[in-house]
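Written below as structure tokens is the structure these notes are about.
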Amino acid sequence: MTVRVRVIPCLDVADGRVVKGVNFVDLKDAGDPVEQAQAYDAAGADELCFLDISASHEGRGTLLDIVRRTAQVCFMPFTVGGGVRTVEDARALLLAGADKVAVNSAAVARPELVGEIAARFGSQCCVASVDARRVGEGATESGWEVFTHGGRRATGIDAVAHARRLAELGAGELLVTSMDGDGTQAGYDLALTRAIADSVSVPVVASGGVGTLDHLVEGVRQGHASAVLAASIFHFGTHSIAEAQAALRAAGIPARGQSGEGWRRPR
Amino acid sequence: MAESVALIDYGAGNLHSVENALRTVGARVRVTAEPDAVRAADRVVLPGVGSFAACAGGLRAIPGLVDALEERVRAGGVPFLGVCVGMQLLADRGLEHGTTAGLGWIAGEVRAIEQTDPAIKVPHMGWNDVAPTAHAGPAIEAGEAYFLHSYHFAADDPQAIAAMTDHGGGIVAAVARDNLLGVQFHPEKSQAYGLALLTRFLEWRP
């Protein structure tokens, strides 16, 4: 076989608490990002993504502690994004135990930041996030535009050209989120995902809009994504990670087949 | 008392992830860059992420460390595990960011993964097969593990290849010879499979 399409649950974290999280019944504290991460690790998630949406500086301080504690108890790779503005921000997260950092708004203002992080720590840990909306071909060349501030602020930048530039600067992966689709459960923007995936050599993670397992399959088949990110369908218990992986496999897409079993903590 | 594992601290990014995983499977870990500590270790683990050149440079920047590794691992024969770039450093040379000499313990060189097909993405990122060869030894079992790399170990001697994976063509997933073991994937990030592999490494008596 070949490399598996990754199924990635995403946890939104604000001021150290999960904002929109999973309803696993056996959690002591459902708002604790570390407990949620552990639950996903046990469930066989291929990777995890933390997105820090804290408004305050103090809120961000707690993030490093969450990353440190997660790294101690989880044995899957995890990406941390939200508020990464400098090489130092990236360094602090990586030192705390993040495997990859995602750069978003700061790379809109200054794409070179991606190159600086990649040069310092390697492309493999540098994820560039692209939040886009469909604006039509009259507005930008590709018809998609980069938006910041949770999709509220237009930038005038062509999303596909921006994505290509970030990959050329050294991003090892692109996280492409449709701000039109985000939260709608209507499915990924497949044309957007595909336009970017087909124009870069690095893996693309599809994000924004998943409501069903078929959406994950479409993200790969039609969107050409290497990984599929979702939040609500996992958090609300609509589907398990194993069901998502099984749905991909049933569609003939390589996905991971084993659960978290096979190893027991020694006495 | 449990054997001591020297986890080499030379500025590699995944040091603490590897430490956590080793401790979780019951290892007594000493994180160290001191040559004397390496000489006293029962097992040695060399982590590594980033570029071959940066990692090789970081290792050589610590006075006496490479000599101590040569002495304890090569001459002393204690079990050794290299992870990701720590595995690649076993090669004669790496071609990432110019040509850099490796430890030269397992013949071969570390080259860029060629993108032969646009659908094959580089970095090779994600879970993929670990398919043991006839030369795998007891530590390597078949399974799925997490890979994250843009360069791969092209080993000269087929008998040194312990496992393969496939990403637009065959990629060496693990190398092994005598008391040396190197894995291209990340056992510390490969959930149950990875922890089981580390457990087998700790039990390995080459």
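To be explicit about the labels: the chains of the structure tokens are called A, B, and onward in the order shown, and within each one the residues are counted from 1, while ligands get numbers from 1 in the order they are shown.
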Can you pull out every residue from stretch 62-194 of chain B that DSSP, working from the backbone, puts in strand (DSSP E), and format the result as JSON, numbers by chain? {"B": [80, 81, 82, 83, 93, 94, 100, 101, 108, 109, 110, 111, 112, 124, 125, 126, 127, 128, 129, 130, 131, 132, 143, 144, 145, 146, 147, 148, 149, 151, 152, 153, 154, 155, 161, 162, 163, 164, 165, 166, 170, 171, 172, 173, 174, 175, 176, 177, 180, 181, 182, 183]}
Which residues are near B:Arg72? Cut-off 7 Å, only C-alpha atoms, ignore same chain within fewer than 6 positions. Put them as a list of chain:residue names.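 In the requested form, the answer reads B:Val38, B:Arg39, B:Val78.
Taking atom CA of A:Val87 and atom CA of A:Gly115 as endpoints, the distance between them is 9.9 Å.
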Using only C-alpha atoms, determine which residues of chain B fall within 7 Å of chain A; present them as an NGL selection string. :B and (13 or 17 or 20 or 25-26 or 50-51 or 118 or 121-123 or 126-128 or 148-149 or 166-167 or 188-192 or 196)
For the selection you just gave me, I'd like the residues written to a file as an mmCIF file, in the first residue's frame, keeping N, CA, C and O atoms.
data_model
loop_
_atom_site.group_PDB
_atom_site.id
_atom_site.type_symbol
_atom_site.label_atom_id
_atom_site.label_comp_id
_atom_site.auth_asym_id
_atom_site.auth_seq_id
_atom_site.Cartn_x
_atom_site.Cartn_y
_atom_site.Cartn_z
ATOM 1 N N GLY B 13 14.904 18.146 17.795
ATOM 2 C CA GLY B 13 13.592 18.614 18.222
ATOM 3 C C GLY B 13 12.715 17.585 18.907
ATOM 4 O O GLY B 13 11.915 17.927 19.755
ATOM 5 N N SER B 17 9.761 13.957 23.087
ATOM 6 C CA SER B 17 8.748 12.985 22.671
ATOM 7 C C SER B 17 9.300 11.576 22.787
ATOM 8 O O SER B 17 8.633 10.657 23.251
ATOM 9 N N ASN B 20 9.550 10.708 26.507
ATOM 10 C CA ASN B 20 8.248 10.329 27.070
ATOM 11 C C ASN B 20 7.870 8.914 26.692
ATOM 12 O O ASN B 20 7.376 8.142 27.513
ATOM 13 N N VAL B 25 7.233 3.096 28.314
ATOM 14 C CA VAL B 25 7.383 1.639 28.204
ATOM 15 C C VAL B 25 8.372 1.103 29.245
ATOM 16 O O VAL B 25 8.796 -0.048 29.164
ATOM 17 N N GLY B 26 8.703 1.943 30.226
ATOM 18 C CA GLY B 26 9.435 1.440 31.380
ATOM 19 C C GLY B 26 10.945 1.598 31.351
ATOM 20 O O GLY B 26 11.641 1.048 32.202
ATOM 21 N N GLY B 50 14.553 17.548 11.528
ATOM 22 C CA GLY B 50 15.179 18.688 10.870
ATOM 23 C C GLY B 50 16.053 18.195 9.732
ATOM 24 O O GLY B 50 15.794 17.148 9.164
ATOM 25 N N SER B 51 17.105 18.941 9.414
ATOM 26 C CA SER B 51 17.917 18.556 8.269
ATOM 27 C C SER B 51 19.106 17.706 8.701
ATOM 28 O O SER B 51 19.597 17.814 9.826
ATOM 29 N N PRO B 118 2.978 13.547 -9.629
ATOM 30 C CA PRO B 118 2.479 14.695 -8.857
ATOM 31 C C PRO B 118 1.557 14.293 -7.702
ATOM 32 O O PRO B 118 1.405 15.032 -6.734
ATOM 33 N N LYS B 121 3.080 13.024 -2.767
ATOM 34 C CA LYS B 121 3.487 14.281 -2.145
ATOM 35 C C LYS B 121 4.769 14.116 -1.320
ATOM 36 O O LYS B 121 5.010 13.078 -0.724
ATOM 37 N N VAL B 122 5.556 15.171 -1.320
ATOM 38 C CA VAL B 122 6.768 15.219 -0.494
ATOM 39 C C VAL B 122 6.689 16.507 0.335
ATOM 40 O O VAL B 122 6.437 17.565 -0.234
ATOM 41 N N PRO B 123 6.892 16.448 1.666
ATOM 42 C CA PRO B 123 7.319 15.306 2.484
ATOM 43 C C PRO B 123 6.388 14.086 2.425
ATOM 44 O O PRO B 123 5.195 14.237 2.220
ATOM 45 N N GLY B 126 2.776 10.872 7.123
ATOM 46 C CA GLY B 126 1.621 10.102 7.563
ATOM 47 C C GLY B 126 1.954 8.657 7.854
ATOM 48 O O GLY B 126 3.112 8.256 7.883
ATOM 49 N N TRP B 127 0.889 7.886 8.080
ATOM 50 C CA TRP B 127 1.036 6.479 8.465
ATOM 51 C C TRP B 127 1.251 5.638 7.219
ATOM 52 O O TRP B 127 0.558 5.792 6.230
ATOM 53 N N ASN B 128 2.208 4.755 7.299
ATOM 54 C CA ASN B 128 2.488 3.877 6.164
ATOM 55 C C ASN B 128 2.983 2.538 6.693
ATOM 56 O O ASN B 128 3.277 2.388 7.877
ATOM 57 N N LEU B 148 7.595 10.980 8.548
ATOM 58 C CA LEU B 148 7.601 12.417 8.247
ATOM 59 C C LEU B 148 9.005 12.790 7.785
ATOM 60 O O LEU B 148 9.891 13.058 8.582
ATOM 61 N N HIS B 149 9.220 12.741 6.447
ATOM 62 C CA HIS B 149 10.565 13.002 5.939
ATOM 63 C C HIS B 149 10.541 13.299 4.444
ATOM 64 O O HIS B 149 9.628 12.869 3.735
ATOM 65 N N ASP B 166 6.421 2.003 1.113
ATOM 66 C CA ASP B 166 6.207 2.388 -0.271
ATOM 67 C C ASP B 166 5.650 3.803 -0.343
ATOM 68 O O ASP B 166 4.633 4.110 0.274
ATOM 69 N N HIS B 167 6.340 4.650 -1.072
ATOM 70 C CA HIS B 167 5.816 5.998 -1.319
ATOM 71 C C HIS B 167 6.294 6.419 -2.706
ATOM 72 O O HIS B 167 7.340 7.028 -2.856
ATOM 73 N N GLU B 188 7.869 7.085 18.530
ATOM 74 C CA GLU B 188 7.298 7.895 19.622
ATOM 75 C C GLU B 188 5.996 8.569 19.213
ATOM 76 O O GLU B 188 5.309 9.142 20.054
ATOM 77 N N LYS B 189 5.669 8.510 17.912
ATOM 78 C CA LYS B 189 4.431 9.110 17.421
ATOM 79 C C LYS B 189 3.570 8.072 16.726
ATOM 80 O O LYS B 189 2.686 8.412 15.938
ATOM 81 N N SER B 190 3.861 6.805 16.961
ATOM 82 C CA SER B 190 3.143 5.745 16.255
ATOM 83 C C SER B 190 2.289 4.910 17.198
ATOM 84 O O SER B 190 2.125 3.699 17.008
ATOM 85 N N GLN B 191 1.736 5.582 18.214
ATOM 86 C CA GLN B 191 0.766 4.964 19.113
ATOM 87 C C GLN B 191 1.198 3.557 19.518
ATOM 88 O O GLN B 191 2.349 3.329 19.903
ATOM 89 N N ALA B 192 0.270 2.608 19.485
ATOM 90 C CA ALA B 192 0.543 1.270 20.020
ATOM 91 C C ALA B 192 1.704 0.590 19.292
ATOM 92 O O ALA B 192 2.550 -0.053 19.915
ATOM 93 N N ALA B 196 5.173 -0.524 21.202
ATOM 94 C CA ALA B 196 5.548 -1.940 21.185
ATOM 95 C C ALA B 196 6.951 -2.109 20.599
ATOM 96 O O ALA B 196 7.755 -2.918 21.080
#
Kindly give the distance, in Å, that separates atom CA of B:Arg43 and atom CA of B:Ser4, rounded to a single decimal. 6.5 Å
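With only C-alpha atoms taken into account, the protein and nucleic acid residues at most 12 Å from stretch 135-138 of chain A (excluding it and anything under 4 positions from it in its own chain) are Ser142, Gly143, Trp144, Glu145, Val146, Phe147, Ala154, Thr155, Gly156, Ile157, Asp158, Ala159, Val160, Ser178, Met179, Asp180 and Leu192 of chain A.
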Please produce an output containing C-alpha atoms for each residue in the selection, written as an mmCIF file, in the first residue's frame.
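Listed below is the output, part-v4.cif:
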data_model
loop_
_atom_site.group_PDB
_atom_site.id
_atom_site.type_symbol
_atom_site.label_atom_id
_atom_site.label_comp_id
_atom_site.auth_asym_id
_atom_site.auth_seq_id
_atom_site.Cartn_x
_atom_site.Cartn_y
_atom_site.Cartn_z
ATOM 1 C CA SER A 142 -8.494 31.723 -9.195
ATOM 2 C CA GLY A 143 -11.865 32.842 -7.859
ATOM 3 C CA TRP A 144 -10.883 32.326 -4.196
ATOM 4 C CA GLU A 145 -9.588 34.980 -1.854
ATOM 5 C CA VAL A 146 -7.642 34.750 1.404
ATOM 6 C CA PHE A 147 -9.601 35.932 4.443
ATOM 7 C CA ALA A 154 -10.894 40.194 3.062
ATOM 8 C CA THR A 155 -7.280 40.607 1.977
ATOM 9 C CA GLY A 156 -7.518 40.908 -1.805
ATOM 10 C CA ILE A 157 -4.981 38.060 -2.086
ATOM 11 C CA ASP A 158 -5.620 35.164 -4.468
ATOM 12 C CA ALA A 159 -5.900 32.047 -2.295
ATOM 13 C CA VAL A 160 -4.398 29.577 -4.774
ATOM 14 C CA SER A 178 -13.050 26.989 3.295
ATOM 15 C CA MET A 179 -14.505 29.793 5.388
ATOM 16 C CA ASP A 180 -17.711 29.427 3.366
ATOM 17 C CA LEU A 192 -10.745 24.986 -3.801
#
Could you pull out all residues of stretch 76-173 of chain A with a DSSP call of alpha helix (DSSP H) and give them as a count of residues only? 36
Might you pull out every residue within 9 Å of B:Val175, with only C-alpha atoms counted and same-chain residues fewer than 6 positions away left off, and present them as a ChimeraX atom specification? /B:87,106,135-136,153,155,159-163,181-184
Give me, as a list in words, all polymer residues having an atom no more than 7 Å from A:Val18, counting only C-alpha atoms and skipping those fewer than 5 positions away in the same chain.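 Neighbouring residues, sequence-local ones excluded: Leu11, Asp12, Val13, Gly31, Asp32 and Pro33 of chain A.
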Using Å and a single decimal, report how far atom CA of A:Asp189 sits from atom CA of A:Thr177.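 That distance, rounded to one decimal, is 8.3 Å.
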I want to know what sits within 8 Å of A:Ser207, based on only C-alpha atoms, with residues of the same chain fewer than 3 positions away left out; could you give that as an MDAnalysis selection string? chainID A and resid 175:178 182 188 210 228:230
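Counting only C-alpha atoms, A:Gln185 has the following residues at most 9 Å away, ignoring those fewer than 6 positions along the same chain: Gly208, Gly209, Val210, Gly211, Thr212, His215, Ser232 and Ile233 of chain A.
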Counting only C-alpha atoms, which of A:Ile196, A:Ala231, A:Leu51, A:Ala167 gets nearest to A:Thr184? A:Ala231
Would you mind telling me which residue in A:Leu169, A:Ala92, A:Ala161, A:Ala43 lies nearest to A:Cys126 when using only C-alpha atoms?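 Using only C-alpha atoms, the shortest distance to A:Cys126 belongs to A:Leu169.
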